[in-house]
>>> print(open('structure.txt').read())   # compact mmCIF, C-alpha atoms
# COMPACT_ATOMS: atom_id res chain seq x y z
CA MET A 1 -1.52 -32.39 -21.37
CA SER A 2 -5.24 -32.76 -20.77
CA ASN A 3 -7.67 -30.20 -22.14
CA LYS A 4 -10.30 -31.14 -19.58
CA PRO A 5 -12.27 -27.99 -18.79
CA VAL A 6 -12.14 -26.60 -15.27
CA GLN A 7 -15.43 -27.33 -13.51
CA PRO A 8 -17.45 -24.41 -12.07
CA LEU A 9 -16.84 -25.39 -8.44
CA GLU A 10 -13.12 -25.73 -9.05
CA ARG A 11 -13.01 -22.36 -10.82
CA LYS A 12 -14.92 -20.58 -8.05
CA GLY A 13 -12.84 -22.47 -5.53
CA ILE A 14 -9.69 -20.99 -7.01
CA VAL A 15 -11.24 -17.53 -6.64
CA LEU A 16 -12.01 -18.28 -2.98
CA PHE A 17 -8.50 -19.57 -2.34
CA GLY A 18 -7.10 -16.45 -3.97
CA ALA A 19 -9.20 -14.05 -1.93
CA VAL A 20 -8.79 -15.83 1.39
CA GLY A 21 -5.14 -16.72 0.79
CA ALA A 22 -4.23 -13.11 0.02
CA GLY A 23 -5.96 -11.94 3.20
CA LEU A 24 -4.31 -14.55 5.40
CA SER A 25 -0.93 -13.84 3.84
CA HIS A 26 -1.43 -10.18 4.72
CA GLU A 27 -2.32 -11.10 8.30
CA LEU A 28 0.79 -13.28 8.58
CA SER A 29 2.82 -10.42 7.22
CA ASN A 30 1.42 -8.21 9.99
CA VAL A 31 2.49 -10.79 12.56
CA PHE A 32 6.05 -10.87 11.18
CA ASN A 33 6.20 -7.07 11.12
CA ILE A 34 5.13 -6.84 14.74
CA ILE A 35 7.63 -9.51 15.81
CA ASN A 36 10.30 -7.61 13.90
CA GLU A 37 9.55 -4.35 15.76
CA LEU A 38 9.16 -5.98 19.18
CA ALA A 39 12.47 -7.84 18.74
CA GLY A 40 14.04 -4.56 17.59
CA LEU A 41 12.71 -2.79 20.66
CA GLN A 42 14.10 -5.54 22.86
CA GLN A 43 17.51 -5.05 21.23
CA ASP A 44 17.24 -1.28 21.78
CA ILE A 45 16.54 -1.79 25.47
CA VAL A 46 19.37 -4.29 25.91
CA ALA A 47 21.74 -1.96 24.02
CA ALA A 48 20.72 0.93 26.27
CA ALA A 49 21.36 -1.25 29.34
CA ALA A 50 24.82 -2.18 28.02
CA GLN A 51 25.61 1.54 27.94
CA GLY A 52 24.53 1.99 31.53
CA GLY A 53 20.87 2.82 30.95
CA ALA A 54 18.04 1.32 32.92
CA ALA A 55 16.73 -1.81 31.25
CA GLY A 56 14.63 -3.73 33.72
CA LEU A 57 14.26 -7.46 33.34
CA ALA A 58 10.51 -7.07 33.61
CA ARG A 59 10.48 -4.89 30.48
CA VAL A 60 12.51 -7.41 28.48
CA SER A 61 10.30 -10.22 29.73
CA ASP A 62 7.16 -8.28 28.80
CA LEU A 63 8.45 -7.85 25.25
CA ALA A 64 9.21 -11.58 25.04
CA ALA A 65 5.61 -12.31 26.11
CA ARG A 66 4.29 -9.93 23.43
CA ILE A 67 6.44 -11.70 20.82
CA LYS A 68 5.09 -15.07 21.95
CA ALA A 69 1.52 -13.79 21.68
CA GLN A 70 2.20 -12.88 18.05
CA VAL A 71 3.63 -16.35 17.41
CA VAL A 72 0.37 -17.82 18.75
CA ARG A 73 -1.58 -15.48 16.48
CA GLY A 74 0.55 -16.55 13.51
CA GLU A 75 0.04 -20.22 14.34
CA GLU A 76 -3.74 -19.71 14.37
CA ILE A 77 -3.64 -18.03 10.97
CA ASN A 78 -1.46 -20.82 9.60
CA ARG A 79 -3.81 -23.45 11.06
CA SER A 80 -6.78 -21.82 9.32
CA LEU A 81 -4.93 -21.82 6.01
CA HIS A 82 -4.03 -25.47 6.51
CA ARG A 83 -7.63 -26.41 7.30
CA LEU A 84 -8.92 -24.47 4.29
CA SER A 85 -6.43 -26.35 2.10
CA HIS A 86 -7.66 -29.70 3.44
CA SER A 87 -11.33 -28.79 3.19
CA VAL A 88 -11.25 -30.00 -0.43
CA ASP A 89 -9.99 -33.47 0.51
CA GLU A 90 -13.31 -35.20 1.07
CA PRO A 91 -16.13 -33.64 -0.93
CA ASP A 92 -18.33 -36.65 -0.25
CA GLY A 93 -17.41 -37.26 3.36
CA THR A 94 -18.84 -36.28 6.71
CA PHE A 95 -17.80 -33.02 8.33
CA ASP A 96 -18.62 -31.22 11.53
CA LEU A 97 -20.77 -28.19 10.83
CA GLY A 98 -19.58 -26.30 13.90
CA GLU A 99 -15.91 -26.75 13.04
CA THR A 100 -16.55 -25.57 9.49
CA LEU A 101 -18.35 -22.48 10.77
CA VAL A 102 -15.48 -21.72 13.15
CA LEU A 103 -13.03 -22.10 10.26
CA PHE A 104 -15.14 -19.75 8.17
CA GLY A 105 -15.14 -17.25 11.02
CA SER A 106 -11.36 -17.18 11.16
CA LEU A 107 -11.01 -16.99 7.37
CA ALA A 108 -13.53 -14.17 7.04
CA ALA A 109 -12.54 -12.04 10.03
CA ARG A 110 -10.12 -9.84 8.08
CA ALA A 111 -12.60 -9.07 5.27
CA ALA A 112 -15.19 -8.07 7.88
CA ARG A 113 -12.69 -5.94 9.81
CA LEU A 114 -11.58 -4.11 6.65
CA ALA A 115 -15.22 -3.49 5.78
CA GLU A 116 -15.78 -2.15 9.32
CA VAL A 117 -18.48 -4.70 9.95
CA SER A 118 -19.01 -6.40 13.30
CA PHE A 119 -18.84 -10.11 12.55
CA GLU A 120 -19.65 -13.07 14.75
CA VAL A 121 -19.90 -16.80 14.19
CA ARG A 122 -21.93 -18.92 16.61
CA SER A 123 -21.32 -22.60 16.14
CA PRO A 124 -23.74 -25.27 17.44
CA GLU A 125 -23.17 -26.23 21.07
CA SER A 126 -22.86 -29.92 20.28
CA PRO A 127 -21.03 -31.55 17.34
CA THR A 128 -23.24 -31.65 14.26
CA ALA A 129 -22.09 -34.15 11.66
CA HIS A 130 -23.16 -33.37 8.15
CA ARG A 131 -22.60 -35.29 4.96
CA GLY A 132 -21.48 -33.24 1.98
CA ASP A 133 -18.75 -30.95 0.73
CA PRO A 134 -17.32 -28.63 3.42
CA PHE A 135 -15.46 -26.61 0.81
CA ALA A 136 -18.71 -25.91 -1.06
CA LEU A 137 -20.20 -24.67 2.23
CA LEU A 138 -17.21 -22.33 2.73
CA LEU A 139 -17.75 -21.06 -0.80
CA VAL A 140 -21.44 -20.39 -0.15
CA LEU A 141 -20.71 -18.66 3.17
CA HIS A 142 -18.04 -16.51 1.52
CA ALA A 143 -20.56 -15.44 -1.14
CA CYS A 144 -23.20 -14.71 1.53
CA LEU A 145 -20.71 -12.64 3.53
CA ARG A 146 -19.75 -10.65 0.45
CA ALA A 147 -23.42 -9.96 -0.28
CA ALA A 148 -24.02 -8.93 3.35
CA ILE A 149 -20.92 -6.70 3.43
CA ALA A 150 -21.97 -5.04 0.17
CA ALA A 151 -25.39 -4.31 1.71
CA ALA A 152 -24.01 -3.17 5.08
CA ALA A 153 -25.31 0.31 5.85
CA SER A 154 -26.04 1.86 9.23
CA GLU A 155 -26.06 -1.26 11.45
CA ARG A 156 -23.02 -3.08 10.00
CA ARG A 157 -23.54 -6.29 11.96
CA ILE A 158 -23.34 -9.80 10.50
CA GLU A 159 -23.80 -13.08 12.36
CA VAL A 160 -23.45 -16.63 11.11
CA SER A 161 -25.04 -19.45 13.06
CA ALA A 162 -26.32 -22.99 12.67
CA GLU A 163 -29.40 -24.61 14.15
CA ASP A 164 -31.62 -27.62 13.72
CA GLY A 165 -34.64 -26.78 11.60
CA PRO A 166 -37.67 -28.90 10.67
CA GLU A 167 -35.82 -30.21 7.62
CA GLY A 168 -32.45 -30.76 9.26
CA ALA A 169 -29.46 -28.50 9.81
CA GLN A 170 -29.76 -24.88 8.81
CA VAL A 171 -27.02 -22.32 8.46
CA ILE A 172 -28.21 -18.75 8.84
CA VAL A 173 -26.35 -15.63 7.81
CA CYS A 174 -27.99 -12.72 9.58
CA SER A 175 -27.38 -9.16 8.45
CA ALA A 176 -28.66 -6.30 10.59
CA ASP A 177 -29.02 -4.26 7.40
CA PRO A 178 -31.46 -5.19 4.62
CA ILE A 179 -30.12 -7.12 1.62
CA SER A 180 -32.20 -6.40 -1.47
CA ASP A 181 -31.13 -9.48 -3.41
CA LEU A 182 -28.32 -12.00 -3.75
CA GLN A 183 -27.86 -11.46 -7.47
CA SER A 184 -26.77 -7.82 -7.58
CA ASP A 185 -23.07 -8.67 -7.84
CA ALA A 186 -22.47 -11.12 -10.69
CA SER A 187 -19.37 -12.75 -9.19
CA VAL A 188 -21.11 -13.25 -5.81
CA ALA A 189 -24.19 -14.64 -7.56
CA GLU A 190 -22.09 -17.12 -9.56
CA MET A 191 -20.15 -18.21 -6.49
CA LEU A 192 -23.36 -18.71 -4.55
CA GLU A 193 -24.99 -20.63 -7.37
CA THR A 194 -21.99 -22.91 -7.84
CA GLY A 195 -21.59 -23.66 -4.14
CA CYS A 196 -25.31 -24.17 -3.60
CA ALA A 197 -25.49 -26.56 -6.57
CA ALA A 198 -22.69 -28.66 -5.05
CA LEU A 199 -24.50 -28.70 -1.70
CA ALA A 200 -27.92 -29.13 -3.29
CA VAL A 201 -29.33 -26.22 -1.30
CA VAL A 202 -31.41 -23.25 -2.36
CA PRO A 203 -30.61 -20.10 -0.36
CA ARG A 204 -33.64 -18.24 0.99
CA LEU A 205 -33.55 -14.54 1.64
CA GLU A 206 -35.92 -13.61 4.47
CA ARG A 207 -36.71 -10.55 6.52
CA ALA A 208 -35.22 -10.78 10.01
CA PRO A 209 -37.71 -10.26 12.90
CA GLY A 210 -36.01 -7.13 14.25
CA GLY A 211 -35.16 -5.65 10.84
CA GLY A 212 -32.35 -6.67 8.54
CA CYS A 213 -32.19 -9.91 6.60
CA LEU A 214 -31.55 -13.61 6.96
CA ILE A 215 -29.94 -15.81 4.33
CA VAL A 216 -31.12 -19.30 5.23
CA LEU A 217 -29.33 -22.37 3.92
CA ASN A 218 -31.19 -25.56 4.59
CA LEU A 219 -28.54 -28.26 4.48
CA GLY A 220 -31.00 -31.06 5.14
CA SER A 221 -30.47 -34.02 7.39
CA GLU A 222 -27.19 -35.75 8.19
CA SER A 223 -27.97 -38.49 5.69
CA THR A 224 -28.19 -36.07 2.76
CA GLU A 225 -26.72 -37.71 -0.29
CA PRO A 226 -23.48 -36.04 -1.34
CA ARG A 227 -23.43 -34.31 -4.70
CA SER A 228 -20.59 -34.71 -7.16
CA ARG A 229 -18.15 -31.83 -7.77
CA GLY A 230 -18.65 -29.52 -10.72
CA MET B 1 16.66 14.19 14.34
CA ASP B 2 15.82 16.01 17.53
CA HIS B 3 12.64 18.08 17.56
CA LEU B 4 11.15 16.12 14.71
CA ARG B 5 7.42 15.63 15.17
CA LEU B 6 6.07 12.45 13.63
CA MET B 7 2.83 10.49 13.50
CA PHE B 8 2.67 6.79 12.66
CA VAL B 9 -0.68 5.44 11.43
CA ASP B 10 -1.35 1.70 11.27
CA ASP B 11 -4.31 -0.43 12.34
CA GLU B 12 -2.01 -2.93 14.10
CA GLU B 13 -1.80 -1.51 17.62
CA GLU B 14 1.20 -3.62 18.66
CA LEU B 15 3.16 -2.44 15.64
CA VAL B 16 2.29 1.17 16.37
CA SER B 17 3.32 1.06 20.02
CA ALA B 18 6.62 -0.76 19.32
CA LEU B 19 7.69 1.48 16.45
CA VAL B 20 6.69 4.67 18.23
CA GLU B 21 8.76 3.65 21.27
CA ARG B 22 11.77 2.85 19.07
CA LEU B 23 11.49 6.25 17.37
CA GLU B 24 11.20 7.99 20.74
CA LEU B 25 14.35 6.22 21.92
CA ARG B 26 16.07 7.93 18.98
CA GLY B 27 14.92 11.36 20.01
CA ILE B 28 11.93 11.68 17.70
CA ASP B 29 8.74 13.15 19.16
CA ALA B 30 6.40 10.45 17.84
CA ILE B 31 2.78 9.57 18.37
CA GLY B 32 0.90 6.59 17.01
CA VAL B 33 -2.72 6.17 15.98
CA THR B 34 -4.61 3.18 14.62
CA SER B 35 -6.97 4.65 12.03
CA GLY B 36 -7.14 7.19 9.25
CA ASP B 37 -9.91 9.02 11.10
CA GLU B 38 -7.73 9.47 14.19
CA ALA B 39 -4.84 10.63 12.03
CA LEU B 40 -6.94 13.34 10.39
CA GLU B 41 -8.25 14.40 13.80
CA HIS B 42 -4.68 14.84 15.11
CA LEU B 43 -3.68 16.71 11.97
CA ARG B 44 -6.48 19.19 12.54
CA GLU B 45 -5.22 19.96 16.05
CA GLU B 46 -1.44 19.49 15.94
CA SER B 47 1.48 20.04 13.61
CA PHE B 48 3.70 17.28 12.26
CA ASP B 49 6.83 17.16 10.14
CA VAL B 50 6.29 13.60 8.97
CA VAL B 51 3.34 11.21 8.79
CA ILE B 52 3.99 7.53 8.13
CA ILE B 53 0.83 5.74 6.96
CA ASP B 54 -0.07 2.13 6.30
CA VAL B 55 -1.77 1.88 2.91
CA LYS B 56 -4.40 -0.74 3.79
CA MET B 57 -6.52 0.00 6.85
CA PRO B 58 -10.21 -0.37 7.72
CA GLY B 59 -12.19 2.80 7.05
CA ILE B 60 -10.12 5.63 5.65
CA GLY B 61 -7.14 3.99 3.98
CA GLY B 62 -3.62 5.34 3.66
CA LEU B 63 -4.04 6.74 0.15
CA GLU B 64 -7.13 8.65 1.22
CA VAL B 65 -5.31 10.14 4.22
CA LEU B 66 -2.43 11.05 1.91
CA ARG B 67 -4.84 12.80 -0.46
CA THR B 68 -6.21 14.91 2.40
CA VAL B 69 -2.75 15.68 3.82
CA SER B 70 -1.43 16.77 0.43
CA ARG B 71 -4.39 19.10 -0.05
CA ARG B 72 -4.71 20.56 3.44
CA TYR B 73 -1.23 20.24 4.93
CA PRO B 74 1.21 20.45 2.02
CA ASP B 75 4.22 20.96 4.31
CA VAL B 76 3.77 17.58 5.96
CA LYS B 77 5.95 14.86 4.45
CA VAL B 78 4.12 11.57 3.99
CA ILE B 79 5.79 8.18 3.87
CA LEU B 80 3.59 5.27 2.81
CA MET B 81 4.17 1.81 4.23
CA THR B 82 2.63 -1.40 2.99
CA GLY B 83 2.67 -5.11 3.70
CA HIS B 84 2.12 -6.16 0.11
CA GLY B 85 3.12 -3.35 -2.14
CA SER B 86 1.91 -2.94 -5.68
CA ALA B 87 3.44 -0.86 -8.44
CA LYS B 88 0.01 0.71 -8.95
CA ASP B 89 -0.32 1.86 -5.31
CA SER B 90 3.25 3.12 -5.37
CA GLU B 91 2.56 5.16 -8.50
CA ILE B 92 -0.69 6.57 -7.05
CA GLY B 93 1.12 7.39 -3.81
CA ARG B 94 3.87 9.28 -5.58
CA ARG B 95 1.37 11.13 -7.74
CA LEU B 96 -0.50 12.16 -4.60
CA GLY B 97 2.70 13.51 -3.09
CA ALA B 98 4.16 10.75 -0.89
CA VAL B 99 7.91 11.17 -0.46
CA ALA B 100 8.52 7.42 -0.19
CA TYR B 101 6.75 4.09 -0.47
CA LEU B 102 8.27 1.46 1.81
CA GLN B 103 7.68 -2.26 1.97
CA LYS B 104 7.22 -3.80 5.43
CA PRO B 105 9.08 -4.99 7.37
CA VAL B 106 11.08 -1.79 7.23
CA ASP B 107 14.55 -1.79 8.71
CA LEU B 108 14.56 1.02 11.28
CA GLU B 109 17.83 2.47 9.98
CA ASP B 110 16.34 2.62 6.47
CA LEU B 111 13.23 4.30 7.85
CA LEU B 112 15.34 6.86 9.74
CA ALA B 113 17.35 7.57 6.58
CA THR B 114 14.11 8.08 4.62
CA ILE B 115 12.76 10.41 7.31
CA GLU B 116 15.99 12.38 7.32
CA LEU B 117 16.01 12.69 3.55
CA ALA B 118 12.36 13.78 3.55
CA THR B 119 12.83 16.45 6.18
CA ASP B 120 16.25 17.76 5.15
CA SER B 121 14.89 20.44 2.88
CA LYS B 122 12.16 21.78 5.11
CA GLU B 123 11.95 23.72 8.30
CA ARG B 124 10.86 21.61 11.23
CA VAL B 125 7.71 22.13 13.28
CA HIS B 126 9.93 22.69 16.32
CA PRO B 127 13.11 24.28 14.92
CA ASP B 128 16.27 24.06 17.05
CA GLU B 129 16.37 26.93 19.46
>>> encode(input="structure.txt", output="C-alpha cells")
Amino acid sequence: MSNKPVQPLERKGIVLFGAVGAGLSHELSNVFNIINELAGLQQDIVAAAAQGGAAGLARVSDLAARIKAQVVRGEEINRSLHRLSHSVDEPDGTFDLGETLVLFGSLAARAARLAEVSFEVRSPESPTAHRGDPFALLLVLHACLRAAIAAAASERRIEVSAEDGPEGAQVIVCSADPISDLQSDASVAEMLETGCAALAVVPRLERAPGGGCLIVLNLGSESTEPRSRG
Amino acid sequence: MDHLRLMFVDDEEELVSALVERLELRGIDAIGVTSGDEALEHLREESFDVVIIDVKMPGIGGLEVLRTVSRRYPDVKVILMTGHGSAKDSEIGRRLGAVAYLQKPVDLEDLLATIELATDSKERVHPDE
C-alpha cells in the first residue's frame, strides 16, 4: 500500500464531493418520497373506485403526469452527479465554461435554497472553451458561494456569470450583500486557495456598482497553460 | 381517527399535497404548509392534535418548530420526519418532546399507527360529539 500523501486539491475535492453528494442524495430522496406518496394516492383513488367511489380517469392521469415530472427531476439530479463525477477526468483538457457554470448552478441550488438566498447562474450566450481544470473551477465557485452565503444579510441575492474581460474569460460571483473578506472562514479560505492555485487565478474582491460585492476570477485566455494537480 | 386535526410541514409542496390528500381520504382533518414560519402562524390561530414536521427545511427548521411547539403548545403531539436521519437529531428531537422520529419514505399505515399511538392518551381538539 502506498503512503503517498493526499494532495491539497484532492483533499479539498473530497470535501466538495461530500458536501455536494450529500445534498444531491437528499434531493433524490425527496424525489423518491414524492413518487411514493403520489403512487400511494393513485392506489387510494383506484381502491375507492373499486368500491364504487368516483375515481375519474383524469385524476389518475394527472397523478401519473406528476409522477413523471418527479422522474424527470430525479434524472436531472442524477445527471448533475454524473457530470460532477466526470469533471475530474481531464484536469488538463478543454472545457466549456458555460456548461461548467450551469453544472455548478444545479449542484449549488439546494445549498442556496436552504440558506434562503436567491441564486442565479447566467452562462455565456455562446460556447466559451477554456483550457484548465473544470473541477478546480467548481471547487473555487463552491468556496465563493459559501463565502457569499455566509455574508448574506438583507438582500440575500447571489449571481454567478461569465464574460470576456480584457485579459480573457472572467467568472464573476456577485453578492447583493457586502462580503468583508474571503478569509473569515478557514475551510472556505483553504478551499479557495487550493482551487485558485490549480487554476492559477487570484480572486479579486471588489465593490459592486449598486452595492454588494463582486468576486472576480480572471481565468485568462483560452490558451492558458494548464496547471498540474496538487 | 375521525375529528383528528393535523398539520403536515415540509418544504416539498408535492409531498405535502399528496400526503395531506391521503390523510383526508382516511378521515383526518389535515392541512399542509411548506415552511416553519407558516406552521407557527397556523399554530397561533388554530388548534391541532398532531403536527408532523420535516427536520430539514429552509428558514425555521423542524427542530426549531418543535422547540416552539413544546414550549407554547404542550398539548400538541409532534412527529418528526426526515430524509436522512441521524441519531443525534433523533435524540435532540426526543429531548425536545417529539413523540416519534420517522425516516422517509414513511409507509402510510405506519404513520397512521404512530398518529394513533400519539393521540390515544389525549383529548382531541374536536372530541366526538
>>> residues_around(input="structure.txt", residues="Leu138 (chain A)", least_positions_apart="2", cutoff="12 Å", atoms="only C-alpha atoms", output="count of residues only")
43
>>> closest_residue(input="structure.txt", among="A:Ala147, A:Val46, A:Leu41, A:Ala200", to="chain B", atoms="only C-alpha atoms")
A:Leu41
>>> closest_atom_pairs(input="structure.txt", of="chain B", to="chain A", cutoff="10 Å", atoms="all atoms listed in the file", output="Markdown table")
| residue | atom | partner | partner_atom | distance |
| --- | --- | --- | --- | --- |
| B:Asp11 | CA | A:Leu114 | CA | 9.9 |
| B:Glu12 | CA | A:Asn30 | CA | 7.5 |
| B:Glu13 | CA | A:Ile34 | CA | 9.2 |
| B:Glu14 | CA | A:Ile34 | CA | 6.4 |
| B:Leu15 | CA | A:Ile34 | CA | 4.9 |
| B:Val16 | CA | A:Ile34 | CA | 8.7 |
| B:Ser17 | CA | A:Leu38 | CA | 9.2 |
| B:Ala18 | CA | A:Leu38 | CA | 5.8 |
| B:Leu19 | CA | A:Glu37 | CA | 6.2 |
| B:Val20 | CA | A:Glu37 | CA | 9.8 |
| B:Glu21 | CA | A:Leu41 | CA | 7.6 |
| B:Arg22 | CA | A:Leu41 | CA | 5.9 |
| B:Leu23 | CA | A:Leu41 | CA | 9.7 |
| B:Leu25 | CA | A:Asp44 | CA | 8.0 |
| B:Arg26 | CA | A:Asp44 | CA | 9.7 |
| B:Lys56 | CA | A:Leu114 | CA | 8.4 |
| B:Met57 | CA | A:Leu114 | CA | 6.5 |
| B:Pro58 | CA | A:Leu114 | CA | 4.1 |
| B:Gly59 | CA | A:Glu116 | CA | 6.5 |
| B:Ile60 | CA | A:Leu114 | CA | 9.9 |
| B:Gly61 | CA | A:Leu114 | CA | 9.6 |
| B:Thr82 | CA | A:His26 | CA | 9.8 |
| B:Gly83 | CA | A:Ser29 | CA | 6.4 |
| B:His84 | CA | A:His26 | CA | 7.1 |
| B:Lys104 | CA | A:Asn33 | CA | 6.6 |
| B:Pro105 | CA | A:Asn33 | CA | 5.2 |
| B:Val106 | CA | A:Asn33 | CA | 8.2 |
| B:Asp107 | CA | A:Asn36 | CA | 8.9 |
| B:Leu108 | CA | A:Gly40 | CA | 8.4 |
>>> atom_distance(input="structure.txt", atom1="CA of Ile179 (chain A)", atom2="CA of Glu120 (chain A)")
17.8 Å
>>> atom_distance(input="structure.txt", atom1="CA of Glu193 (chain A)", atom2="CA of Ala129 (chain A)")
23.5 Å
>>> atom_distance(input="structure.txt", atom1="CA of Asp37 (chain B)", atom2="CA of Arg72 (chain B)")
14.8 Å
>>> axis_aligned_box(input="structure.txt", around="region 13-32 of chain B", padding_each_side="3 Å", output="lines of an AutoDock Vina configuration file")
center_x = 7.1
center_y = 4.8
center_z = 18.8
size_x = 23.9
size_y = 22.8
size_z = 12.3
>>> build_atoms(input="structure.txt", residues="region 106-122 of chain B", atoms="N, CA and C atoms", output="PDB file, in the coordinates of the input")
ATOM      1  N   VAL B 106      10.108  -2.835   7.562  1.00  0.00           N
ATOM      2  CA  VAL B 106      11.080  -1.790   7.230  1.00  0.00           C
ATOM      3  C   VAL B 106      12.194  -1.829   8.274  1.00  0.00           C
ATOM      4  N   ASP B 107      13.414  -1.878   7.801  1.00  0.00           N
ATOM      5  CA  ASP B 107      14.550  -1.790   8.710  1.00  0.00           C
ATOM      6  C   ASP B 107      14.541  -0.374   9.308  1.00  0.00           C
ATOM      7  N   LEU B 108      14.688  -0.285  10.620  1.00  0.00           N
ATOM      8  CA  LEU B 108      14.560   1.020  11.280  1.00  0.00           C
ATOM      9  C   LEU B 108      15.586   2.020  10.747  1.00  0.00           C
ATOM     10  N   GLU B 109      16.800   1.547  10.498  1.00  0.00           N
ATOM     11  CA  GLU B 109      17.830   2.470   9.980  1.00  0.00           C
ATOM     12  C   GLU B 109      17.427   3.022   8.621  1.00  0.00           C
ATOM     13  N   ASP B 110      16.822   2.160   7.790  1.00  0.00           N
ATOM     14  CA  ASP B 110      16.340   2.620   6.470  1.00  0.00           C
ATOM     15  C   ASP B 110      15.218   3.641   6.641  1.00  0.00           C
ATOM     16  N   LEU B 111      14.344   3.370   7.609  1.00  0.00           N
ATOM     17  CA  LEU B 111      13.230   4.300   7.850  1.00  0.00           C
ATOM     18  C   LEU B 111      13.776   5.648   8.325  1.00  0.00           C
ATOM     19  N   LEU B 112      14.759   5.607   9.222  1.00  0.00           N
ATOM     20  CA  LEU B 112      15.340   6.860   9.740  1.00  0.00           C
ATOM     21  C   LEU B 112      16.012   7.642   8.609  1.00  0.00           C
ATOM     22  N   ALA B 113      16.685   6.898   7.719  1.00  0.00           N
ATOM     23  CA  ALA B 113      17.350   7.570   6.580  1.00  0.00           C
ATOM     24  C   ALA B 113      16.307   8.220   5.680  1.00  0.00           C
ATOM     25  N   THR B 114      15.181   7.521   5.476  1.00  0.00           N
ATOM     26  CA  THR B 114      14.110   8.080   4.620  1.00  0.00           C
ATOM     27  C   THR B 114      13.518   9.321   5.275  1.00  0.00           C
ATOM     28  N   ILE B 115      13.326   9.255   6.585  1.00  0.00           N
ATOM     29  CA  ILE B 115      12.760  10.410   7.310  1.00  0.00           C
ATOM     30  C   ILE B 115      13.717  11.595   7.194  1.00  0.00           C
ATOM     31  N   GLU B 116      14.994  11.314   7.365  1.00  0.00           N
ATOM     32  CA  GLU B 116      15.990  12.380   7.320  1.00  0.00           C
ATOM     33  C   GLU B 116      16.029  13.043   5.935  1.00  0.00           C
ATOM     34  N   LEU B 117      16.000  12.196   4.927  1.00  0.00           N
ATOM     35  CA  LEU B 117      16.010  12.690   3.550  1.00  0.00           C
ATOM     36  C   LEU B 117      14.766  13.547   3.284  1.00  0.00           C
ATOM     37  N   ALA B 118      13.629  13.076   3.782  1.00  0.00           N
ATOM     38  CA  ALA B 118      12.360  13.780   3.550  1.00  0.00           C
ATOM     39  C   ALA B 118      12.319  15.118   4.237  1.00  0.00           C
ATOM     40  N   THR B 119      12.961  15.224   5.391  1.00  0.00           N
ATOM     41  CA  THR B 119      12.830  16.450   6.180  1.00  0.00           C
ATOM     42  C   THR B 119      14.020  17.384   6.024  1.00  0.00           C
ATOM     43  N   ASP B 120      15.042  16.953   5.320  1.00  0.00           N
ATOM     44  CA  ASP B 120      16.250  17.760   5.150  1.00  0.00           C
ATOM     45  C   ASP B 120      15.970  19.144   4.596  1.00  0.00           C
ATOM     46  N   SER B 121      15.074  19.194   3.612  1.00  0.00           N
ATOM     47  CA  SER B 121      14.890  20.440   2.880  1.00  0.00           C
ATOM     48  C   SER B 121      13.823  21.339   3.477  1.00  0.00           C
ATOM     49  N   LYS B 122      13.219  20.920   4.569  1.00  0.00           N
ATOM     50  CA  LYS B 122      12.160  21.780   5.110  1.00  0.00           C
ATOM     51  C   LYS B 122      12.431  22.173   6.554  1.00  0.00           C
TER      52      LYS B 122
END
